[in-house]
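Asks: Attaching a single structure in structure tokens format; questions to follow.
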Amino acid sequence: MKPTGRRANWLFFRQWLRNPFAIGAVMPSGRELARAMAQASDNESGRLVVELGGGTGNITQALLDSGLAPESLVVIERDRRLYRVLTARFPEIRVLNMDALQALATLREENGGKVGSIVSGLPLLSMPPEFQEQLLEESFRLLDKNGDFIQFTYGPVSPVSQRRLGTQGLRAQKVSRARLNIPPASVWRFMRMSEWLQASRDAARRKQNRAA
């Protein structure tokens, strides 16, 4: 039996009470935030999208609603109870009950560079900087050359500092804000510096063409 939204939210809250540093939020992502995460991801290239920290599946559902095929999505959820919620709600999707780093290494062995986006619901702000670095390093080893890492945060700035990103050749860009989410959140894209520079040049070129 698929869990109802109210039952799933209550389970999410109970799991947060047990381990607030691992879950990171009192309630699952709202619809506005879930849609913003899905819109920021690469869901049209035919490459895989990997979701870290699937929770109760709100972002998962938004990714599917955006047109992503079930076979192009892999969801990772470490919490055993939330994993069972996801497998019941999305029987057509591959869900891995693993730690994020372990799952990323497993997928890299299987897929090489065929992943277009990693969509993260992990609470990076509450995690040690060393883990942030390791997570991003493993993620960009899995992503193809123009792949990106999508992360939301409840803070006003990037959940990973520009200085720390710079040591890995990465750059952060805020792509949207979910003001109606509880609490309000912003969505960030992390990308390789070379791709960020190319995107900046393309944006400047489009601005010039509109002004001409």
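To be explicit about the labels: the chains of the structure tokens are called A, B, and onward in the order shown, and within each one the residues are counted from 1, while ligands get numbers from 1 in the order they are shown.
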Skip Ala36 (chain A) itself and residues of its chain fewer than 6 positions away, then list as a PyMOL selection string all residues within 10 Å of it, counting only C-alpha atoms.

Replies: chain A and resi 59+62-63+152+175-178+186-187

Asks: I want to know what sits within 9 Å of Val50 (chain A), based on only C-alpha atoms, with residues of the same chain fewer than 4 positions away left out; could you give that as a PDB file with N, CA and C atoms, in the first residue's frame?

Replies:
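Dumped everything to out31.pdb:
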ATOM      1  N   SER A  72      15.433   6.693 -16.200  1.00  0.00           N
ATOM      2  CA  SER A  72      16.542   7.648 -16.217  1.00  0.00           C
ATOM      3  C   SER A  72      16.809   8.264 -14.849  1.00  0.00           C
ATOM      4  N   LEU A  73      16.144   7.755 -13.825  1.00  0.00           N
ATOM      5  CA  LEU A  73      16.272   8.304 -12.476  1.00  0.00           C
ATOM      6  C   LEU A  73      16.707   7.229 -11.499  1.00  0.00           C
ATOM      7  N   VAL A  74      17.708   7.550 -10.693  1.00  0.00           N
ATOM      8  CA  VAL A  74      18.131   6.690  -9.586  1.00  0.00           C
ATOM      9  C   VAL A  74      18.049   7.522  -8.311  1.00  0.00           C
ATOM     10  N   VAL A  75      17.388   6.986  -7.298  1.00  0.00           N
ATOM     11  CA  VAL A  75      17.205   7.695  -6.035  1.00  0.00           C
ATOM     12  C   VAL A  75      17.986   6.977  -4.940  1.00  0.00           C
ATOM     13  N   ILE A  76      18.677   7.759  -4.114  1.00  0.00           N
ATOM     14  CA  ILE A  76      19.473   7.214  -3.023  1.00  0.00           C
ATOM     15  C   ILE A  76      18.885   7.691  -1.705  1.00  0.00           C
ATOM     16  N   LEU A 104      27.341   6.648  -4.789  1.00  0.00           N
ATOM     17  CA  LEU A 104      28.005   7.341  -5.893  1.00  0.00           C
ATOM     18  C   LEU A 104      29.124   6.491  -6.477  1.00  0.00           C
ATOM     19  N   VAL A 115      25.932  10.530 -16.318  1.00  0.00           N
ATOM     20  CA  VAL A 115      24.992  11.205 -15.426  1.00  0.00           C
ATOM     21  C   VAL A 115      25.001  12.699 -15.741  1.00  0.00           C
ATOM     22  N   GLY A 116      23.828  13.246 -15.983  1.00  0.00           N
ATOM     23  CA  GLY A 116      23.725  14.656 -16.347  1.00  0.00           C
ATOM     24  C   GLY A 116      23.571  15.578 -15.162  1.00  0.00           C
ATOM     25  N   SER A 117      22.819  15.152 -14.142  1.00  0.00           N
ATOM     26  CA  SER A 117      22.606  15.973 -12.945  1.00  0.00           C
ATOM     27  C   SER A 117      22.532  15.097 -11.710  1.00  0.00           C
ATOM     28  N   ILE A 118      23.044  15.643 -10.621  1.00  0.00           N
ATOM     29  CA  ILE A 118      22.822  15.073  -9.296  1.00  0.00           C
ATOM     30  C   ILE A 118      21.991  16.087  -8.528  1.00  0.00           C
ATOM     31  N   VAL A 119      20.838  15.654  -8.048  1.00  0.00           N
ATOM     32  CA  VAL A 119      19.893  16.526  -7.349  1.00  0.00           C
ATOM     33  C   VAL A 119      19.932  16.147  -5.877  1.00  0.00           C
ATOM     34  N   SER A 120      20.371  17.066  -5.044  1.00  0.00           N
ATOM     35  CA  SER A 120      20.647  16.724  -3.650  1.00  0.00           C
ATOM     36  C   SER A 120      19.667  17.361  -2.676  1.00  0.00           C
TER      37      SER A 120
END

Asks: Extract, using only C-alpha atoms, all DNA, RNA and protein residues at most 12 Å from Leu86 (chain A), discarding same-chain residues fewer than 2 positions from it, and format them as an MDAnalysis selection string.

Replies: chainID A and resid 1:4 8 12 51 53:61 74:84 88:97

Asks: Name the closest residue to Leu33 (chain A) among the candidates A:Ile182, A:Leu68, A:Met127, A:Met193; distances are taken between atoms, counting only C-alpha atoms.

Replies: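 The shortest atom-to-atom distance to Leu33 (chain A) comes from A:Ile182.
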
Asks: Smallest atom-to-atom distance to Leu122 (chain A): which of A:Gly67, A:Gly147, A:Pro159, A:Gly46, using only C-alpha atoms?

Replies: A:Pro159

Asks: As JSON, numbers by chain, please: every residue in region 6-148 of chain A that a backbone DSSP assignment puts in alpha helix (DSSP H).

Replies: {"A": [6, 7, 8, 9, 10, 11, 12, 13, 14, 15, 16, 17, 18, 20, 21, 22, 23, 31, 32, 33, 34, 35, 36, 37, 38, 39, 40, 58, 59, 60, 61, 62, 63, 64, 65, 80, 81, 82, 83, 84, 85, 86, 87, 88, 89, 100, 101, 102, 103, 104, 105, 106, 107, 108, 109, 110, 111, 129, 130, 131, 132, 133, 134, 135, 136, 137, 138, 139, 140, 141, 142]}

Asks: Grab the residues selected above and save them as a PDB file, in the first residue's frame with C-alpha atoms.

Replies:
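Contents of part-v4.pdb, freshly written:
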ATOM      1  CA  ARG A   6       0.048  12.871   5.785  1.00  0.00           C
ATOM      2  CA  ARG A   7       1.458   9.500   6.842  1.00  0.00           C
ATOM      3  CA  ALA A   8       4.664  10.100   4.876  1.00  0.00           C
ATOM      4  CA  ASN A   9       5.095  13.557   6.440  1.00  0.00           C
ATOM      5  CA  TRP A  10       4.622  12.110   9.929  1.00  0.00           C
ATOM      6  CA  LEU A  11       7.231   9.431   9.224  1.00  0.00           C
ATOM      7  CA  PHE A  12       9.627  12.076   7.905  1.00  0.00           C
ATOM      8  CA  PHE A  13       9.148  14.119  11.092  1.00  0.00           C
ATOM      9  CA  ARG A  14       9.755  11.083  13.306  1.00  0.00           C
ATOM     10  CA  GLN A  15      12.946  10.276  11.433  1.00  0.00           C
ATOM     11  CA  TRP A  16      14.044  13.893  11.819  1.00  0.00           C
ATOM     12  CA  LEU A  17      13.488  13.637  15.593  1.00  0.00           C
ATOM     13  CA  ARG A  18      15.712  10.573  15.672  1.00  0.00           C
ATOM     14  CA  PRO A  20      18.074  15.822  12.833  1.00  0.00           C
ATOM     15  CA  PHE A  21      21.610  16.212  11.480  1.00  0.00           C
ATOM     16  CA  ALA A  22      21.058  13.460   8.899  1.00  0.00           C
ATOM     17  CA  ILE A  23      17.533  14.441   7.811  1.00  0.00           C
ATOM     18  CA  ARG A  31       5.799  21.471  -4.125  1.00  0.00           C
ATOM     19  CA  GLU A  32       7.300  24.808  -5.119  1.00  0.00           C
ATOM     20  CA  LEU A  33      10.779  23.764  -4.000  1.00  0.00           C
ATOM     21  CA  ALA A  34      10.427  20.314  -5.558  1.00  0.00           C
ATOM     22  CA  ARG A  35       9.451  21.867  -8.907  1.00  0.00           C
ATOM     23  CA  ALA A  36      12.357  24.311  -8.717  1.00  0.00           C
ATOM     24  CA  MET A  37      14.804  21.462  -8.116  1.00  0.00           C
ATOM     25  CA  ALA A  38      13.389  19.501 -11.037  1.00  0.00           C
ATOM     26  CA  GLN A  39      13.495  22.507 -13.377  1.00  0.00           C
ATOM     27  CA  ALA A  40      17.148  23.131 -12.505  1.00  0.00           C
ATOM     28  CA  ASN A  58       8.362  14.950  -3.317  1.00  0.00           C
ATOM     29  CA  ILE A  59      11.367  15.902  -5.453  1.00  0.00           C
ATOM     30  CA  THR A  60      11.265  12.456  -7.069  1.00  0.00           C
ATOM     31  CA  GLN A  61       7.665  13.088  -8.137  1.00  0.00           C
ATOM     32  CA  ALA A  62       8.545  16.547  -9.454  1.00  0.00           C
ATOM     33  CA  LEU A  63      11.357  15.068 -11.551  1.00  0.00           C
ATOM     34  CA  LEU A  64       8.931  12.579 -13.090  1.00  0.00           C
ATOM     35  CA  ASP A  65       6.316  15.301 -13.640  1.00  0.00           C
ATOM     36  CA  ARG A  80      15.617   2.350   5.886  1.00  0.00           C
ATOM     37  CA  ARG A  81      12.066   3.492   6.636  1.00  0.00           C
ATOM     38  CA  LEU A  82      12.136   6.295   4.108  1.00  0.00           C
ATOM     39  CA  TYR A  83      13.635   3.860   1.597  1.00  0.00           C
ATOM     40  CA  ARG A  84      10.585   1.627   2.052  1.00  0.00           C
ATOM     41  CA  VAL A  85       8.296   4.633   1.495  1.00  0.00           C
ATOM     42  CA  LEU A  86      10.081   5.399  -1.775  1.00  0.00           C
ATOM     43  CA  THR A  87       9.986   1.834  -3.096  1.00  0.00           C
ATOM     44  CA  ALA A  88       6.260   1.609  -2.308  1.00  0.00           C
ATOM     45  CA  ARG A  89       5.498   4.964  -3.902  1.00  0.00           C
ATOM     46  CA  ALA A 100      25.530   8.700  -0.501  1.00  0.00           C
ATOM     47  CA  LEU A 101      29.276   8.176  -0.968  1.00  0.00           C
ATOM     48  CA  GLN A 102      28.891   4.415  -1.279  1.00  0.00           C
ATOM     49  CA  ALA A 103      26.071   4.816  -3.797  1.00  0.00           C
ATOM     50  CA  LEU A 104      28.005   7.341  -5.893  1.00  0.00           C
ATOM     51  CA  ALA A 105      30.975   4.961  -6.092  1.00  0.00           C
ATOM     52  CA  THR A 106      28.650   2.108  -7.094  1.00  0.00           C
ATOM     53  CA  LEU A 107      27.011   4.170  -9.835  1.00  0.00           C
ATOM     54  CA  ARG A 108      30.373   5.358 -11.146  1.00  0.00           C
ATOM     55  CA  GLU A 109      31.457   1.750 -11.623  1.00  0.00           C
ATOM     56  CA  GLU A 110      28.229   1.069 -13.517  1.00  0.00           C
ATOM     57  CA  ASN A 111      27.739   4.229 -15.557  1.00  0.00           C
ATOM     58  CA  PRO A 129      33.359  20.673   5.439  1.00  0.00           C
ATOM     59  CA  GLU A 130      35.449  17.553   4.864  1.00  0.00           C
ATOM     60  CA  PHE A 131      32.305  15.586   3.990  1.00  0.00           C
ATOM     61  CA  GLN A 132      31.112  18.369   1.685  1.00  0.00           C
ATOM     62  CA  GLU A 133      34.396  18.184  -0.204  1.00  0.00           C
ATOM     63  CA  GLN A 134      34.293  14.414  -0.450  1.00  0.00           C
ATOM     64  CA  LEU A 135      30.672  14.407  -1.596  1.00  0.00           C
ATOM     65  CA  LEU A 136      31.326  16.952  -4.349  1.00  0.00           C
ATOM     66  CA  GLU A 137      34.500  15.196  -5.429  1.00  0.00           C
ATOM     67  CA  GLU A 138      32.687  11.861  -5.770  1.00  0.00           C
ATOM     68  CA  SER A 139      29.725  13.544  -7.461  1.00  0.00           C
ATOM     69  CA  PHE A 140      31.807  15.253 -10.149  1.00  0.00           C
ATOM     70  CA  ARG A 141      33.723  12.039 -10.758  1.00  0.00           C
ATOM     71  CA  LEU A 142      30.346  10.527 -11.659  1.00  0.00           C
TER      72      LEU A 142
END

Asks: Would you work out the distance separating CA of Leu125 (chain A) from CA of Arg179 (chain A), expressed in Å to one decimal?

Replies: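 That distance, rounded to one decimal, is 19.0 Å.
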
Asks: Just how far from CA of Asp42 (chain A) is CA of Arg189 (chain A), in Å to one decimal?

Replies: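 That distance, rounded to one decimal, is 11.1 Å.
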
Asks: Which residue out of A:Gly166, A:Gly30, A:Pro70, A:Pro123 has the minimum interatomic distance to Thr153 (chain A) when only C-alpha atoms are used?

Replies: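 Nearest candidate to Thr153 (chain A) out of A:Gly166, A:Gly30, A:Pro70, A:Pro123: A:Pro123.
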
Asks: So what do you get for CA of Asp148 (chain A) versus CA of Arg171 (chain A), distance-wise?

Replies: 10.2 Å

Asks: Could you give me the residues within chain A that DSSP places in strand (DSSP E or B), as a PyMOL selection string?

Replies: chain A and resi 48-52+73-76+94-96+115-120+143-153+170-178+185-192

Asks: Keeping only C-alpha atoms, write the selected residues to a file as a PDB file, in the first residue's frame.

Replies:
ATOM      1  CA  LEU A  48      20.760   9.667 -15.845  1.00  0.00           C
ATOM      2  CA  VAL A  49      19.639  11.932 -13.034  1.00  0.00           C
ATOM      3  CA  VAL A  50      20.656  10.873  -9.527  1.00  0.00           C
ATOM      4  CA  GLU A  51      18.738  12.117  -6.499  1.00  0.00           C
ATOM      5  CA  LEU A  52      20.533  12.121  -3.143  1.00  0.00           C
ATOM      6  CA  LEU A  73      16.272   8.304 -12.476  1.00  0.00           C
ATOM      7  CA  VAL A  74      18.131   6.690  -9.586  1.00  0.00           C
ATOM      8  CA  VAL A  75      17.205   7.695  -6.035  1.00  0.00           C
ATOM      9  CA  ILE A  76      19.473   7.214  -3.023  1.00  0.00           C
ATOM     10  CA  ARG A  94      15.585   2.201  -8.916  1.00  0.00           C
ATOM     11  CA  VAL A  95      16.075   3.191  -5.277  1.00  0.00           C
ATOM     12  CA  LEU A  96      19.332   2.440  -3.461  1.00  0.00           C
ATOM     13  CA  VAL A 115      24.992  11.205 -15.426  1.00  0.00           C
ATOM     14  CA  GLY A 116      23.725  14.656 -16.347  1.00  0.00           C
ATOM     15  CA  SER A 117      22.606  15.973 -12.945  1.00  0.00           C
ATOM     16  CA  ILE A 118      22.822  15.073  -9.296  1.00  0.00           C
ATOM     17  CA  VAL A 119      19.893  16.526  -7.349  1.00  0.00           C
ATOM     18  CA  SER A 120      20.647  16.724  -3.650  1.00  0.00           C
ATOM     19  CA  LEU A 143      28.958  13.468 -13.651  1.00  0.00           C
ATOM     20  CA  ASP A 144      29.887  13.876 -17.292  1.00  0.00           C
ATOM     21  CA  LYS A 145      31.903  16.883 -18.453  1.00  0.00           C
ATOM     22  CA  ASN A 146      29.004  19.357 -18.456  1.00  0.00           C
ATOM     23  CA  GLY A 147      26.998  17.768 -15.656  1.00  0.00           C
ATOM     24  CA  ASP A 148      25.848  19.742 -12.625  1.00  0.00           C
ATOM     25  CA  PHE A 149      25.043  19.299  -8.942  1.00  0.00           C
ATOM     26  CA  ILE A 150      21.738  20.829  -7.785  1.00  0.00           C
ATOM     27  CA  GLN A 151      21.370  21.653  -4.093  1.00  0.00           C
ATOM     28  CA  PHE A 152      18.770  23.511  -2.061  1.00  0.00           C
ATOM     29  CA  THR A 153      19.442  25.340   1.155  1.00  0.00           C
ATOM     30  CA  LEU A 170      33.798  24.445  -9.121  1.00  0.00           C
ATOM     31  CA  ARG A 171      31.499  27.449  -9.076  1.00  0.00           C
ATOM     32  CA  ALA A 172      28.091  28.036  -7.450  1.00  0.00           C
ATOM     33  CA  GLN A 173      25.161  29.839  -9.041  1.00  0.00           C
ATOM     34  CA  LYS A 174      21.780  30.571  -7.458  1.00  0.00           C
ATOM     35  CA  VAL A 175      19.117  29.529  -9.958  1.00  0.00           C
ATOM     36  CA  SER A 176      15.810  30.075  -8.133  1.00  0.00           C
ATOM     37  CA  ARG A 177      14.081  30.711  -4.825  1.00  0.00           C
ATOM     38  CA  ALA A 178      11.101  28.898  -3.311  1.00  0.00           C
ATOM     39  CA  ALA A 185      14.621  27.934   0.370  1.00  0.00           C
ATOM     40  CA  SER A 186      16.892  28.713  -2.539  1.00  0.00           C
ATOM     41  CA  VAL A 187      18.209  26.384  -5.232  1.00  0.00           C
ATOM     42  CA  TRP A 188      21.862  26.394  -6.238  1.00  0.00           C
ATOM     43  CA  ARG A 189      23.718  24.842  -9.147  1.00  0.00           C
ATOM     44  CA  PHE A 190      27.325  23.736  -8.725  1.00  0.00           C
ATOM     45  CA  MET A 191      29.247  23.257 -11.951  1.00  0.00           C
ATOM     46  CA  ARG A 192      32.791  22.991 -13.193  1.00  0.00           C
TER      47      ARG A 192
END
